[in-house]
Amino acid sequence: MEQKTYFEHPDKAVGDNRFSHMMAITLDPRSKYKEGIIRCITSRSGDIEFRGYVDRSVLYKVSGDTLEKFSIDNQLVIKGAEEMVQRLGGDLWDFIGFEDPDIWIDELMGKMHLYFTIALISKDRSKAHSIISLGHAEGDDLDSLSMTAPVLLGDKYEYSNHKAKEISVAPINKNGVRLNLFESGDRRKDPYYDTSKFGKDTSFSTVRVAIAKDMSKEWEWGEIVFHPADHKIPWIAEHASPGPLLPRSFINIGADKLLGIMNGREASRLDAANKPIHYRKFSIGLFIYNYENGKIEWVSPEPLIRDSEAKIITFASEFVETKSGEGILYAHVDDSFVRAYTLYAEGIRALLP
């Protein structure tokens with residue numbers, strides 16, 4: 001008999017009439033995961049299925065009596081945020097919001113750390129495109145966060161791979177550092193890869209290591225450890241983004257390794273000029289990460305979850321272990337609403353190599 005891997009909860013996990021699009025929930029473990037932060041879209045131009053759409057975002061606090069249902073509270077306030085954005089972008093760049101928050105608690109020091117994308121797009125798109133940095137704030141709780149310098153500072157160059165967002169915090173390794181994972185980018189033109197598969201000029205999302213000696217200070221840019229163009233995995237052929245690393249108490253896959261959730265997108269449809277234009281499906285899969293040496297050892301050949309209502313996107317952001325062998329994964333569907341899924345460890349174990 002085939003074991004169940006997950007159950008899709010029928011209702012939306014977050015409700016609020018103020019926003020038609022909500023995504024990227026992250027929860028505070030010190031509140032028993034009853035409080036957290038969510039990204040709310042204040043305006044959307046374009047279509048999520050086609051390249052070039054722009055979302056403008058604001059981070060809000062959320063709270064809930066259960067892990068299946070949350071409501072949106074007040075806007076998150078980060079002291080010094082406006083000054084930092086001005087310092088990074090000035091008058092030449094358009095700040096479209098903080099995106100994709102991740103809460104991490106330093107249990108030793110008792111501090112809350114918040115990591116998030118700082119998204120800037122050029123006001124003159126003919127000269128430059130975007131600056132995507134991994135921002136950081138810290139404090140005692142959600143009501144006392146103060147901005148610091150970004151831990152990974154992006155740059156403006158069109159073909160740069162210095163873009164940083166969507167982190168997975170790794171355990172400390174034997175060298176006393178964390179080899180965290182994050183989503184970065186790489187833009188390739190022929191003849192470096194198969195243009196019949198991707199097109200003549202494709203921007204990939206890659207998974208990269210960040211070497212963190214101090215979770216509050218600037219991290220070191222490490223190697224790309226998963227590049228979709230270098231693998232033949234259809235569900236993750238063009239975009240890859242690391243999701244939560246699952247605790248060993250939920251599923252133990254051996255020393256120095258953790259099972260993680262990977263978000264992946266298929267290769268885009270090409271236009272008449274052989275350039276990517278129409279996005280295809282984003283799905284949720286699995287990967288094995290060796291956090292001692294910073295290597296991704298395996299990525300699932302098939303996705304684990306595609307939401308039943310998704311037109312194009314199912315993207316995971318948070319995991320909460322609820323009891324032995326079970327936990328809730330939160331994902332956003334079509335960048336519009338958050339869904340909860342119960343994961344079953346034994347069913348997932350059967351999928352592993």
# chains A, B, ... in the order shown; residues from 1 in each chain; ligands from 1
$ residues_around --residues "A:Ala170" --least-positions-apart "5" --cutoff "7 Å" --atoms "only C-alpha atoms" --output "PyMOL selection string"
chain A and resi 178-180+291
$ write_last_selection --atoms "C-alpha atoms" --output "compact mmCIF listing (two decimals), in the first residue's frame"
# COMPACT_ATOMS: atom_id res chain seq x y z
CA ARG A 178 26.81 28.25 8.85
CA LEU A 179 26.76 27.39 5.15
CA ASN A 180 23.35 28.89 4.53
CA TYR A 291 25.63 21.34 5.62
$ atom_distance --atom1 "atom CA of A:Ala331" --atom2 "atom CA of A:Cys40"
14.1 Å
$ atom_distance --atom1 "atom CA of A:Leu259" --atom2 "atom CA of A:Lys69"
26.3 Å
$ select_by_dssp --residues "stretch 107-247 of chain A" --states "helix (DSSP H, G or I)" --output "list in words"
Thr195, Ser196, Lys197, Phe198, Pro228, Ala229, Asp230, Pro234, Trp235 and Ile236 of chain A
$ write_last_selection --atoms "all heavy atoms" --output "mmCIF file, in the first residue's frame"
data_model
loop_
_atom_site.group_PDB
_atom_site.id
_atom_site.type_symbol
_atom_site.label_atom_id
_atom_site.label_comp_id
_atom_site.auth_asym_id
_atom_site.auth_seq_id
_atom_site.Cartn_x
_atom_site.Cartn_y
_atom_site.Cartn_z
ATOM 1 N N THR A 195 20.543 25.909 -26.422
ATOM 2 C CA THR A 195 19.575 26.979 -26.709
ATOM 3 C C THR A 195 18.231 26.438 -27.172
ATOM 4 O O THR A 195 17.219 27.128 -27.086
ATOM 5 C CB THR A 195 20.126 27.933 -27.778
ATOM 6 O OG1 THR A 195 20.411 27.197 -28.970
ATOM 7 C CG2 THR A 195 21.384 28.605 -27.294
ATOM 8 N N SER A 196 18.211 25.205 -27.669
ATOM 9 C CA SER A 196 16.929 24.635 -28.080
ATOM 10 C C SER A 196 16.025 24.379 -26.878
ATOM 11 O O SER A 196 14.810 24.337 -26.994
ATOM 12 C CB SER A 196 17.160 23.315 -28.823
ATOM 13 O OG SER A 196 17.705 22.328 -27.966
ATOM 14 N N LYS A 197 16.645 24.255 -25.702
ATOM 15 C CA LYS A 197 15.879 23.975 -24.488
ATOM 16 C C LYS A 197 15.461 25.254 -23.772
ATOM 17 O O LYS A 197 14.353 25.365 -23.261
ATOM 18 C CB LYS A 197 16.709 23.098 -23.548
ATOM 19 C CG LYS A 197 16.008 22.695 -22.272
ATOM 20 C CD LYS A 197 16.907 21.782 -21.449
ATOM 21 C CE LYS A 197 16.216 21.351 -20.164
ATOM 22 N NZ LYS A 197 17.077 20.493 -19.325
ATOM 23 N N PHE A 198 16.350 26.255 -23.752
ATOM 24 C CA PHE A 198 16.105 27.441 -22.940
ATOM 25 C C PHE A 198 15.934 28.730 -23.726
ATOM 26 O O PHE A 198 15.233 29.626 -23.299
ATOM 27 C CB PHE A 198 17.259 27.636 -21.950
ATOM 28 C CG PHE A 198 17.395 26.525 -20.956
ATOM 29 C CD1 PHE A 198 18.486 25.682 -20.986
ATOM 30 C CD2 PHE A 198 16.424 26.307 -19.996
ATOM 31 C CE1 PHE A 198 18.612 24.657 -20.081
ATOM 32 C CE2 PHE A 198 16.543 25.285 -19.075
ATOM 33 C CZ PHE A 198 17.645 24.450 -19.130
ATOM 34 N N PRO A 228 20.048 25.009 -12.441
ATOM 35 C CA PRO A 228 19.102 24.226 -13.246
ATOM 36 C C PRO A 228 19.619 23.855 -14.630
ATOM 37 O O PRO A 228 19.300 22.779 -15.143
ATOM 38 C CB PRO A 228 17.883 25.143 -13.349
ATOM 39 C CG PRO A 228 17.948 25.988 -12.126
ATOM 40 C CD PRO A 228 19.421 26.224 -11.899
ATOM 41 N N ALA A 229 20.421 24.728 -15.239
ATOM 42 C CA ALA A 229 20.894 24.456 -16.597
ATOM 43 C C ALA A 229 21.869 23.287 -16.654
ATOM 44 O O ALA A 229 22.100 22.720 -17.725
ATOM 45 C CB ALA A 229 21.555 25.700 -17.183
ATOM 46 N N ASP A 230 22.440 22.916 -15.513
ATOM 47 C CA ASP A 230 23.426 21.843 -15.482
ATOM 48 C C ASP A 230 22.812 20.490 -15.128
ATOM 49 O O ASP A 230 23.530 19.513 -14.951
ATOM 50 C CB ASP A 230 24.526 22.182 -14.475
ATOM 51 C CG ASP A 230 25.299 23.435 -14.872
ATOM 52 O OD1 ASP A 230 25.380 23.705 -16.087
ATOM 53 O OD2 ASP A 230 25.798 24.142 -13.983
ATOM 54 N N PRO A 234 13.172 18.123 -15.365
ATOM 55 C CA PRO A 234 12.191 18.999 -16.024
ATOM 56 C C PRO A 234 11.454 19.949 -15.087
ATOM 57 O O PRO A 234 11.197 21.104 -15.465
ATOM 58 C CB PRO A 234 11.228 18.003 -16.681
ATOM 59 C CG PRO A 234 12.070 16.795 -16.939
ATOM 60 C CD PRO A 234 13.000 16.718 -15.755
ATOM 61 N N TRP A 235 11.083 19.500 -13.881
ATOM 62 C CA TRP A 235 10.271 20.363 -13.020
ATOM 63 C C TRP A 235 11.068 21.524 -12.438
ATOM 64 O O TRP A 235 10.490 22.483 -11.934
ATOM 65 C CB TRP A 235 9.604 19.552 -11.902
ATOM 66 C CG TRP A 235 10.519 19.104 -10.794
ATOM 67 C CD1 TRP A 235 11.234 17.949 -10.732
ATOM 68 C CD2 TRP A 235 10.804 19.802 -9.569
ATOM 69 N NE1 TRP A 235 11.951 17.881 -9.553
ATOM 70 C CE2 TRP A 235 11.693 19.002 -8.826
ATOM 71 C CE3 TRP A 235 10.386 21.023 -9.033
ATOM 72 C CZ2 TRP A 235 12.188 19.380 -7.574
ATOM 73 C CZ3 TRP A 235 10.869 21.404 -7.795
ATOM 74 C CH2 TRP A 235 11.767 20.589 -7.071
ATOM 75 N N ILE A 236 12.402 21.462 -12.542
ATOM 76 C CA ILE A 236 13.251 22.511 -11.976
ATOM 77 C C ILE A 236 14.301 22.920 -13.007
ATOM 78 O O ILE A 236 15.478 23.084 -12.720
ATOM 79 C CB ILE A 236 13.864 22.019 -10.644
ATOM 80 C CG1 ILE A 236 14.523 23.142 -9.861
ATOM 81 C CG2 ILE A 236 14.801 20.841 -10.844
ATOM 82 C CD1 ILE A 236 14.922 22.769 -8.462
#
$ residues_around --residues "stretch 10-12 of chain A" --least-positions-apart "6" --cutoff "9 Å" --atoms "only C-alpha atoms" --output "MDAnalysis selection string"
chainID A and resid 68:69 337:340
$ closest_residue --among "A:Val225, A:Ile172, A:Ile251, A:Glu318" --to "A:Ala212" --atoms "only C-alpha atoms"
A:Ile172
$ residues_around --residues "A:Val333" --least-positions-apart "6" --cutoff "7 Å" --atoms "only C-alpha atoms" --output "list in words"
Ala310, Ile313, Thr314 and Phe315 of chain A
$ atom_distance --atom1 "atom CA of A:Glu238" --atom2 "atom CA of A:Ser205"
6.7 Å
$ decode --residues "stretch 246-284 of chain A" --atoms "N, CA and C atoms" --output "mmCIF file, in the first residue's frame"
data_model
loop_
_atom_site.group_PDB
_atom_site.id
_atom_site.type_symbol
_atom_site.label_atom_id
_atom_site.label_comp_id
_atom_site.auth_asym_id
_atom_site.auth_seq_id
_atom_site.Cartn_x
_atom_site.Cartn_y
_atom_site.Cartn_z
ATOM 1 N N LEU A 246 14.159 20.762 6.770
ATOM 2 C CA LEU A 246 13.290 20.067 7.709
ATOM 3 C C LEU A 246 14.090 19.571 8.906
ATOM 4 N N PRO A 247 13.566 19.731 10.120
ATOM 5 C CA PRO A 247 14.330 19.328 11.308
ATOM 6 C C PRO A 247 14.571 17.822 11.338
ATOM 7 N N ARG A 248 15.696 17.441 11.931
ATOM 8 C CA ARG A 248 16.049 16.026 12.040
ATOM 9 C C ARG A 248 15.028 15.270 12.880
ATOM 10 N N SER A 249 14.356 15.959 13.788
ATOM 11 C CA SER A 249 13.322 15.311 14.602
ATOM 12 C C SER A 249 12.123 14.884 13.758
ATOM 13 N N PHE A 250 11.915 15.562 12.629
ATOM 14 C CA PHE A 250 10.825 15.190 11.722
ATOM 15 C C PHE A 250 11.239 14.036 10.814
ATOM 16 N N ILE A 251 12.419 14.151 10.226
ATOM 17 C CA ILE A 251 12.935 13.091 9.368
ATOM 18 C C ILE A 251 14.458 13.116 9.429
ATOM 19 N N ASN A 252 15.044 12.013 9.859
ATOM 20 C CA ASN A 252 16.495 11.909 10.058
ATOM 21 C C ASN A 252 17.087 11.152 8.877
ATOM 22 N N ILE A 253 17.954 11.821 8.116
ATOM 23 C CA ILE A 253 18.544 11.168 6.945
ATOM 24 C C ILE A 253 20.050 10.960 7.112
ATOM 25 N N GLY A 254 20.543 11.075 8.350
ATOM 26 C CA GLY A 254 21.947 10.779 8.597
ATOM 27 C C GLY A 254 22.741 11.984 9.057
ATOM 28 N N ALA A 255 23.957 11.694 9.528
ATOM 29 C CA ALA A 255 24.836 12.731 10.071
ATOM 30 C C ALA A 255 25.189 13.762 9.013
ATOM 31 N N ASP A 256 25.215 15.014 9.437
ATOM 32 C CA ASP A 256 25.661 16.150 8.624
ATOM 33 C C ASP A 256 24.731 16.474 7.460
ATOM 34 N N LYS A 257 23.557 15.854 7.414
ATOM 35 C CA LYS A 257 22.645 16.073 6.298
ATOM 36 C C LYS A 257 21.252 16.440 6.796
ATOM 37 N N LEU A 258 20.569 17.254 6.012
ATOM 38 C CA LEU A 258 19.174 17.571 6.265
ATOM 39 C C LEU A 258 18.402 17.454 4.959
ATOM 40 N N LEU A 259 17.146 17.040 5.085
ATOM 41 C CA LEU A 259 16.243 17.064 3.943
ATOM 42 C C LEU A 259 15.632 18.451 3.853
ATOM 43 N N GLY A 260 15.592 18.999 2.659
ATOM 44 C CA GLY A 260 15.041 20.328 2.464
ATOM 45 C C GLY A 260 13.922 20.335 1.442
ATOM 46 N N ILE A 261 13.163 21.420 1.472
ATOM 47 C CA ILE A 261 12.122 21.678 0.485
ATOM 48 C C ILE A 261 12.710 22.580 -0.590
ATOM 49 N N MET A 262 12.536 22.188 -1.847
ATOM 50 C CA MET A 262 13.033 22.979 -2.973
ATOM 51 C C MET A 262 11.848 23.480 -3.792
ATOM 52 N N ASN A 263 11.932 24.738 -4.200
ATOM 53 C CA ASN A 263 10.954 25.306 -5.132
ATOM 54 C C ASN A 263 11.583 25.362 -6.514
ATOM 55 N N GLY A 264 10.880 24.832 -7.507
ATOM 56 C CA GLY A 264 11.458 24.787 -8.843
ATOM 57 C C GLY A 264 10.460 25.124 -9.925
ATOM 58 N N ARG A 265 10.965 25.725 -10.983
ATOM 59 C CA ARG A 265 10.111 26.091 -12.110
ATOM 60 C C ARG A 265 10.619 25.446 -13.397
ATOM 61 N N GLU A 266 9.661 25.006 -14.229
ATOM 62 C CA GLU A 266 9.981 24.418 -15.518
ATOM 63 C C GLU A 266 10.555 25.479 -16.465
ATOM 64 N N ALA A 267 11.139 25.031 -17.568
ATOM 65 C CA ALA A 267 11.664 25.952 -18.570
ATOM 66 C C ALA A 267 10.530 26.763 -19.192
ATOM 67 N N SER A 268 10.770 28.048 -19.392
ATOM 68 C CA SER A 268 9.759 28.944 -19.951
ATOM 69 C C SER A 268 9.500 28.649 -21.427
ATOM 70 N N ARG A 269 8.310 29.052 -21.867
ATOM 71 C CA ARG A 269 8.006 29.004 -23.300
ATOM 72 C C ARG A 269 8.746 30.153 -23.977
ATOM 73 N N LEU A 270 9.283 29.895 -25.165
ATOM 74 C CA LEU A 270 10.073 30.896 -25.880
ATOM 75 C C LEU A 270 9.214 31.676 -26.863
ATOM 76 N N ASP A 271 9.639 32.923 -27.130
ATOM 77 C CA ASP A 271 8.932 33.724 -28.122
ATOM 78 C C ASP A 271 9.557 33.507 -29.502
ATOM 79 N N ALA A 272 9.126 34.274 -30.481
ATOM 80 C CA ALA A 272 9.591 34.090 -31.855
ATOM 81 C C ALA A 272 11.083 34.368 -32.005
ATOM 82 N N ALA A 273 11.627 35.183 -31.109
ATOM 83 C CA ALA A 273 13.058 35.499 -31.142
ATOM 84 C C ALA A 273 13.874 34.520 -30.311
ATOM 85 N N ASN A 274 13.243 33.429 -29.882
ATOM 86 C CA ASN A 274 13.912 32.388 -29.095
ATOM 87 C C ASN A 274 14.358 32.906 -27.733
ATOM 88 N N LYS A 275 13.571 33.817 -27.161
ATOM 89 C CA LYS A 275 13.832 34.308 -25.813
ATOM 90 C C LYS A 275 12.682 33.891 -24.897
ATOM 91 N N PRO A 276 12.985 33.562 -23.628
ATOM 92 C CA PRO A 276 11.923 33.156 -22.703
ATOM 93 C C PRO A 276 10.923 34.277 -22.464
ATOM 94 N N ILE A 277 9.644 33.926 -22.490
ATOM 95 C CA ILE A 277 8.626 34.949 -22.257
ATOM 96 C C ILE A 277 7.505 34.449 -21.348
ATOM 97 N N HIS A 278 7.042 33.221 -21.555
ATOM 98 C CA HIS A 278 5.881 32.711 -20.835
ATOM 99 C C HIS A 278 6.332 31.705 -19.794
ATOM 100 N N TYR A 279 6.110 32.042 -18.520
ATOM 101 C CA TYR A 279 6.511 31.148 -17.446
ATOM 102 C C TYR A 279 5.674 29.870 -17.443
ATOM 103 N N ARG A 280 6.292 28.762 -17.012
ATOM 104 C CA ARG A 280 5.565 27.536 -16.785
ATOM 105 C C ARG A 280 5.537 27.248 -15.296
ATOM 106 N N LYS A 281 5.146 26.066 -14.906
ATOM 107 C CA LYS A 281 4.762 25.801 -13.524
ATOM 108 C C LYS A 281 5.925 25.818 -12.533
ATOM 109 N N PHE A 282 5.654 26.425 -11.372
ATOM 110 C CA PHE A 282 6.494 26.348 -10.182
ATOM 111 C C PHE A 282 5.909 25.274 -9.282
ATOM 112 N N SER A 283 6.750 24.351 -8.808
ATOM 113 C CA SER A 283 6.298 23.250 -7.960
ATOM 114 C C SER A 283 7.228 23.104 -6.759
ATOM 115 N N ILE A 284 6.830 22.249 -5.829
ATOM 116 C CA ILE A 284 7.595 21.995 -4.617
ATOM 117 C C ILE A 284 8.174 20.585 -4.685
#
